[in-house]
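The structure appears right after this line, and notes come after that.
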Amino acid sequence: STSDLAFAKELAHRAALSLENARLYAEAREAIRLRDEFMSIASHELKTPLTPLSLKLQALSRELARHPGPVPRNLVESYVAVGARQVQKLAELVGDLLDVSRISAGRLSLELEELELGSLVRDVVTRYEPQAARTGSPLQLEAGDFDIVGRWDRLRLEQVITNLVDNAVKYGNGRPIHVRLEPHDGGARLTVRDEGIGIEPQHLPRLFGRFERAVSERNYGGLGLGLYITRTLVEAMGGRVHVESRLGRGSTFTVELPSHLGAEQARQAP
Ligand code: ADP
């Protein structure tokens with residue numbers, strides 16, 4: 001009868017709804033699990049620099065109490081250097097967390113200006129050399145004699161290059177790192193290549209995702225946000241980023257950026 005049919009329809013409708021609810025519920029649980037896991041990693045990572053920082057400050061104040069006169073300069077300098085490094089690490093972690101909330105709130109804005117990419121890359125590499133030297137990885141820059149001009153966000157581009165170089169140093173096993181810049185398709189192509197630990201193939205597809213850290217037997221630390229932020233920034237500037245890697249052999253990250261000035265302006269110097 002009609003009422004039986006209506007009843008059957010209603011049942012089917014309810015069944016479909018509860019299936020949909022079950023799916024949403026599973027999704028929500030997974031999102032909560034990922035967030036909890038991330039909170040625990042993030043708290044741990046934020047706490048790591050705090051321990052040496054507070055130890056150094058305590059030691060410094062003990063020294064101050066011990067010396068009635070001026071404390072030897074080299075002693076103060078060594079404490080300050082360690083402290084400043086840890087504060088820098090904390091600032092970078094907090095900066096990444098802020099960037100991720102800006103991205104999810106859709107509040108990430110770019111300040112585009114006309115830039116010459118060669119000198120920008122050179123600056124970042126030069127600034128990074130002391131840090132790379134500490135880990136033993138020589139940084140080699142290959143940038144030919146040409147200008148690559150375009151409209152990009154200077155600070156954000158510096159952040160992209162720093163992220164990739166930082167990873168290459170961190171996972172590079174102390175082997176040489178090659179940074180290469182070349183004109184490409186009216187814009188630029190930047191590659192950062194290391195000869196380090198490499199990445200397992202199954203981790204590659206999700207490497208640029210939020211909170212993704214490829215697991216390895218050694219804990220390298222890190223929030224797994226750098227590549228997510230890198231990809232978001234590059235795509236916001238109209239470019240793309242990709243990775244090729246072989247486990248135990250090393251990784252190559254490539255960033256391709258359009259210039260937004262038109263191909264004729266990405267000029268070849270005489
Ligand atoms: P993290 O702060 O953990 O380094 P990233 O988002 O920068 O976060 O990188 C995500 C993960 O990708 C890292 O945890 C690491 O497992 C892997 N990874 C990134 N760069 C490299 C590299 N050059 N060599 C090997 N693994 C890398």
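In the structure tokens, the first chain shown is A, the next is B, and so on; residue numbers restart at 1 for each chain, and ligands run from 1 in the order shown.
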**Request:** With only C-alpha atoms and all ligand atoms counted, collect every polymer residue having an atom within 7 Å of ligand 1; state the result as a list in words.
**Result:** Asn163, Leu164, Asn167, Ala168, Tyr171, Gly172, Asp194, Gly196, Ile197, Gly198, Ile199, Leu207, Phe208, Glu212, Arg213, Ala214, Val215, Gly221, Gly222, Leu223, Gly224, Leu225, Gly226, Leu227, Tyr228, Gly250 and Ser251 of chain A
Hey, can you spit out that residue selection with C-alpha atoms as a PDB file, in the first residue's frame?
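Final file, result20.pdb:
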ATOM      1  CA  ASN A 163      62.921  25.811   4.522  1.00  0.00           C
ATOM      2  CA  LEU A 164      64.326  23.699   1.691  1.00  0.00           C
ATOM      3  CA  ASN A 167      65.778  20.408   5.449  1.00  0.00           C
ATOM      4  CA  ALA A 168      68.698  19.571   3.157  1.00  0.00           C
ATOM      5  CA  TYR A 171      68.539  15.351   6.498  1.00  0.00           C
ATOM      6  CA  GLY A 172      71.702  15.719   4.405  1.00  0.00           C
ATOM      7  CA  ASP A 194      71.044  16.739  -0.991  1.00  0.00           C
ATOM      8  CA  GLY A 196      71.333  12.478   2.555  1.00  0.00           C
ATOM      9  CA  ILE A 197      68.906   9.972   4.050  1.00  0.00           C
ATOM     10  CA  GLY A 198      66.286  10.212   1.290  1.00  0.00           C
ATOM     11  CA  ILE A 199      62.576   9.505   1.651  1.00  0.00           C
ATOM     12  CA  LEU A 207      55.004  14.958   2.193  1.00  0.00           C
ATOM     13  CA  PHE A 208      53.614  18.425   1.434  1.00  0.00           C
ATOM     14  CA  GLU A 212      53.286  15.194   7.700  1.00  0.00           C
ATOM     15  CA  ARG A 213      56.545  13.860   9.038  1.00  0.00           C
ATOM     16  CA  ALA A 214      58.072  10.888   7.307  1.00  0.00           C
ATOM     17  CA  VAL A 215      59.048   8.526  10.101  1.00  0.00           C
ATOM     18  CA  GLY A 221      62.527  16.677  15.470  1.00  0.00           C
ATOM     19  CA  GLY A 222      60.392  19.207  13.656  1.00  0.00           C
ATOM     20  CA  LEU A 223      56.679  19.861  13.367  1.00  0.00           C
ATOM     21  CA  GLY A 224      56.211  18.635   9.823  1.00  0.00           C
ATOM     22  CA  LEU A 225      54.798  22.040   8.855  1.00  0.00           C
ATOM     23  CA  GLY A 226      57.678  23.419   6.789  1.00  0.00           C
ATOM     24  CA  LEU A 227      56.873  21.698   3.504  1.00  0.00           C
ATOM     25  CA  TYR A 228      53.143  22.366   3.880  1.00  0.00           C
ATOM     26  CA  GLY A 250      69.199  11.809  -1.233  1.00  0.00           C
ATOM     27  CA  SER A 251      66.403  14.131  -2.282  1.00  0.00           C
TER      28      SER A 251
END
**Asked** Which residues, written as a list in words, have at least one atom at most 8 Å from segment 122-136 of chain A, with only C-alpha atoms counted and residues fewer than 2 positions away on the same chain left out?
**Response**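 My list of contacting residues is Gly118, Ser119, Leu120, Pro138, Leu139, Leu141, Glu158, Ile161, Thr162, Val169, Gly174 and Arg175 of chain A.
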**Prompt:** Please, which residues of segment 39-213 of chain A, numbered as in this document, come out alpha helix (DSSP H) from DSSP, as a PyMOL selection string?
**Reply:** chain A and resi 39-66+73-104+117-135+154-170
**Message:** Applying 10 Å and only C-alpha atoms, which residues near Ser78 of chain A remain after dropping the ones on its own chain fewer than 6 positions away? List them as a PyMOL selection string.
**Reply:** chain A and resi 56+60+84
**Request:** Enumerate the residues of segment 109-250 of chain A with a DSSP assignment of strand (DSSP E or B), computed from the backbone, and present them as a count of residues only.
**Result:** 38
**Message:** Give me, as a ChimeraX atom specification, all polymer residues having an atom no more than 7 Å from Leu53 of chain A, counting only C-alpha atoms and skipping those fewer than 3 positions away in the same chain.
**Reply:** /A:49-50,56-57,83,86
**Request:** Would you work out the distance separating atom CA of Asp145 of chain A from atom CA of Arg240 of chain A, expressed in Å to one decimal?
**Result:** 24.1 Å
**Message:** Ranking A:Ala8, A:Val149, A:Val121, A:Leu257 by minimum distance to Arg189 of chain A and counting only C-alpha atoms, which one comes first?
**Reply:** A:Leu257
**Request:** Skip Leu97 of chain A itself and residues of its chain fewer than 3 positions away, then list as a ChimeraX atom specification all residues within 10 Å of it, counting only C-alpha atoms.
**Result:** /A:42,91-94,100-103,223,225-226,229
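The coordinates place atom CA of Val87 of chain A at 10.7 Å from atom CA of Ser54 of chain A.
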**Request:** May I have the residues within 12 Å of Leu75 of chain A as a PyMOL selection string, using only C-alpha atoms and disregarding those fewer than 5 positions away in the same chain?
**Result:** chain A and resi 56+59-61+63-64+67+70+80-82
Residues from last step as file, all heavy atoms, as a tab-separated table (two decimals), in the first residue's frame:
chain	number	residue	atom	x	y	z
A	56	LYS	N	71.08	27.37	30.71
A	56	LYS	CA	72.11	28.39	30.47
A	56	LYS	C	71.86	29.64	31.31
A	56	LYS	O	72.78	30.24	31.85
A	56	LYS	CB	72.16	28.77	28.99
A	56	LYS	CG	72.90	27.78	28.14
A	56	LYS	CD	74.40	27.82	28.39
A	56	LYS	CE	75.00	26.48	28.01
A	56	LYS	NZ	76.42	26.36	28.27
A	59	ALA	N	72.83	28.88	34.85
A	59	ALA	CA	74.29	28.84	34.99
A	59	ALA	C	74.87	30.25	34.97
A	59	ALA	O	75.77	30.58	35.74
A	59	ALA	CB	74.88	27.99	33.88
A	60	LEU	N	74.31	31.08	34.08
A	60	LEU	CA	74.80	32.45	33.97
A	60	LEU	C	74.56	33.21	35.28
A	60	LEU	O	75.43	33.93	35.77
A	60	LEU	CB	74.13	33.16	32.80
A	60	LEU	CG	74.61	34.58	32.49
A	60	LEU	CD1	76.10	34.61	32.23
A	60	LEU	CD2	73.86	35.14	31.27
A	61	SER	N	73.38	33.01	35.86
A	61	SER	CA	73.12	33.77	37.08
A	61	SER	C	73.99	33.24	38.23
A	61	SER	O	74.39	34.00	39.10
A	61	SER	CB	71.62	33.81	37.43
A	61	SER	OG	71.22	32.60	37.96
A	63	GLU	N	77.08	32.19	37.79
A	63	GLU	CA	78.38	32.83	37.53
A	63	GLU	C	78.38	34.27	38.04
A	63	GLU	O	79.35	34.73	38.63
A	63	GLU	CB	78.71	32.83	36.03
A	63	GLU	CG	79.00	31.46	35.45
A	63	GLU	CD	80.27	30.82	36.02
A	63	GLU	OE1	81.08	31.55	36.62
A	63	GLU	OE2	80.42	29.59	35.89
A	64	LEU	N	77.26	34.96	37.79
A	64	LEU	CA	77.17	36.36	38.22
A	64	LEU	C	77.26	36.46	39.74
A	64	LEU	O	77.87	37.37	40.29
A	64	LEU	CB	75.85	36.99	37.72
A	64	LEU	CG	75.81	37.30	36.22
A	64	LEU	CD1	74.40	37.65	35.79
A	64	LEU	CD2	76.77	38.43	35.90
A	67	HIS	N	81.07	35.69	40.79
A	67	HIS	CA	82.06	36.74	40.53
A	67	HIS	C	81.55	38.05	41.10
A	67	HIS	O	80.57	38.59	40.60
A	67	HIS	CB	82.26	36.93	39.02
A	67	HIS	CG	82.88	35.75	38.35
A	67	HIS	ND1	84.23	35.62	38.14
A	67	HIS	CD2	82.32	34.61	37.85
A	67	HIS	CE1	84.48	34.47	37.54
A	67	HIS	NE2	83.34	33.83	37.35
A	70	PRO	N	83.38	41.99	37.36
A	70	PRO	CA	82.82	41.64	36.03
A	70	PRO	C	83.07	40.16	35.70
A	70	PRO	O	84.13	39.62	36.03
A	70	PRO	CB	83.58	42.55	35.07
A	70	PRO	CG	84.68	43.17	35.84
A	70	PRO	CD	84.47	42.95	37.30
A	80	VAL	N	75.31	33.55	26.00
A	80	VAL	CA	74.39	34.32	25.17
A	80	VAL	C	74.20	33.64	23.81
A	80	VAL	O	73.08	33.57	23.30
A	80	VAL	CB	74.89	35.78	25.01
A	80	VAL	CG1	74.08	36.52	23.95
A	80	VAL	CG2	74.81	36.51	26.34
A	81	ALA	N	75.29	33.09	23.24
A	81	ALA	CA	75.18	32.45	21.93
A	81	ALA	C	74.23	31.26	22.00
A	81	ALA	O	73.36	31.10	21.13
A	81	ALA	CB	76.56	32.01	21.45
A	82	VAL	N	74.38	30.42	23.03
A	82	VAL	CA	73.48	29.26	23.15
A	82	VAL	C	72.05	29.73	23.34
A	82	VAL	O	71.12	29.26	22.67
A	82	VAL	CB	73.90	28.36	24.35
A	82	VAL	CG1	72.87	27.25	24.55
A	82	VAL	CG2	75.28	27.78	24.13
**Complete:** Counting only C-alpha atoms, closest pick from A:Thr230, A:Ser40, A:Gln140, A:Ser104 relative to Gln159 of chain A is A:Thr230
**Prompt:** Interatomic distance between atom CA of His44 of chain A and atom CA of Thr252 of chain A?
**Reply:** 29.0 Å
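Here the question is which of A:Glu20, A:Glu256, A:Lys89, A:Glu200 gets nearest to Lys47 of chain A using only C-alpha atoms, and that residue is A:Lys89.
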**Who sits within 10 Å of Leu110 of chain A, only C-alpha atoms, same chain under 4 positions skipped, as a ChimeraX atom specification** = /A:152-156,233,236-237
How would the residues just picked look written out with N, CA, C and O atoms as a short mmCIF file (atom, residue, chain, number, x, y, z; two decimals), in the first residue's frame?
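Written output follows (selection13.cif):
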data_model
loop_
_atom_site.label_atom_id
_atom_site.label_comp_id
_atom_site.auth_asym_id
_atom_site.auth_seq_id
_atom_site.Cartn_x
_atom_site.Cartn_y
_atom_site.Cartn_z
N TRP A 152 57.41 38.98 -6.81
CA TRP A 152 57.25 37.97 -5.77
C TRP A 152 57.25 38.65 -4.41
O TRP A 152 57.57 39.84 -4.30
N ASP A 153 56.93 37.86 -3.37
CA ASP A 153 57.00 38.35 -1.99
C ASP A 153 58.38 38.00 -1.44
O ASP A 153 58.70 36.82 -1.27
N ARG A 154 59.20 39.01 -1.16
CA ARG A 154 60.60 38.77 -0.78
C ARG A 154 60.73 37.87 0.45
O ARG A 154 61.42 36.85 0.43
N LEU A 155 60.05 38.26 1.54
CA LEU A 155 60.22 37.51 2.79
C LEU A 155 59.72 36.08 2.65
O LEU A 155 60.33 35.14 3.15
N ARG A 156 58.60 35.93 1.93
CA ARG A 156 58.04 34.58 1.76
C ARG A 156 58.93 33.71 0.88
O ARG A 156 59.06 32.52 1.11
N LEU A 233 52.91 28.62 0.02
CA LEU A 233 53.47 29.90 -0.41
C LEU A 233 53.79 29.89 -1.90
O LEU A 233 53.49 30.84 -2.62
N ALA A 236 50.67 30.02 -3.85
CA ALA A 236 50.07 31.36 -3.77
C ALA A 236 50.76 32.32 -4.75
O ALA A 236 50.16 33.27 -5.22
N MET A 237 52.04 32.05 -5.05
CA MET A 237 52.75 32.90 -6.02
C MET A 237 52.63 32.32 -7.43
O MET A 237 53.38 32.71 -8.34
#
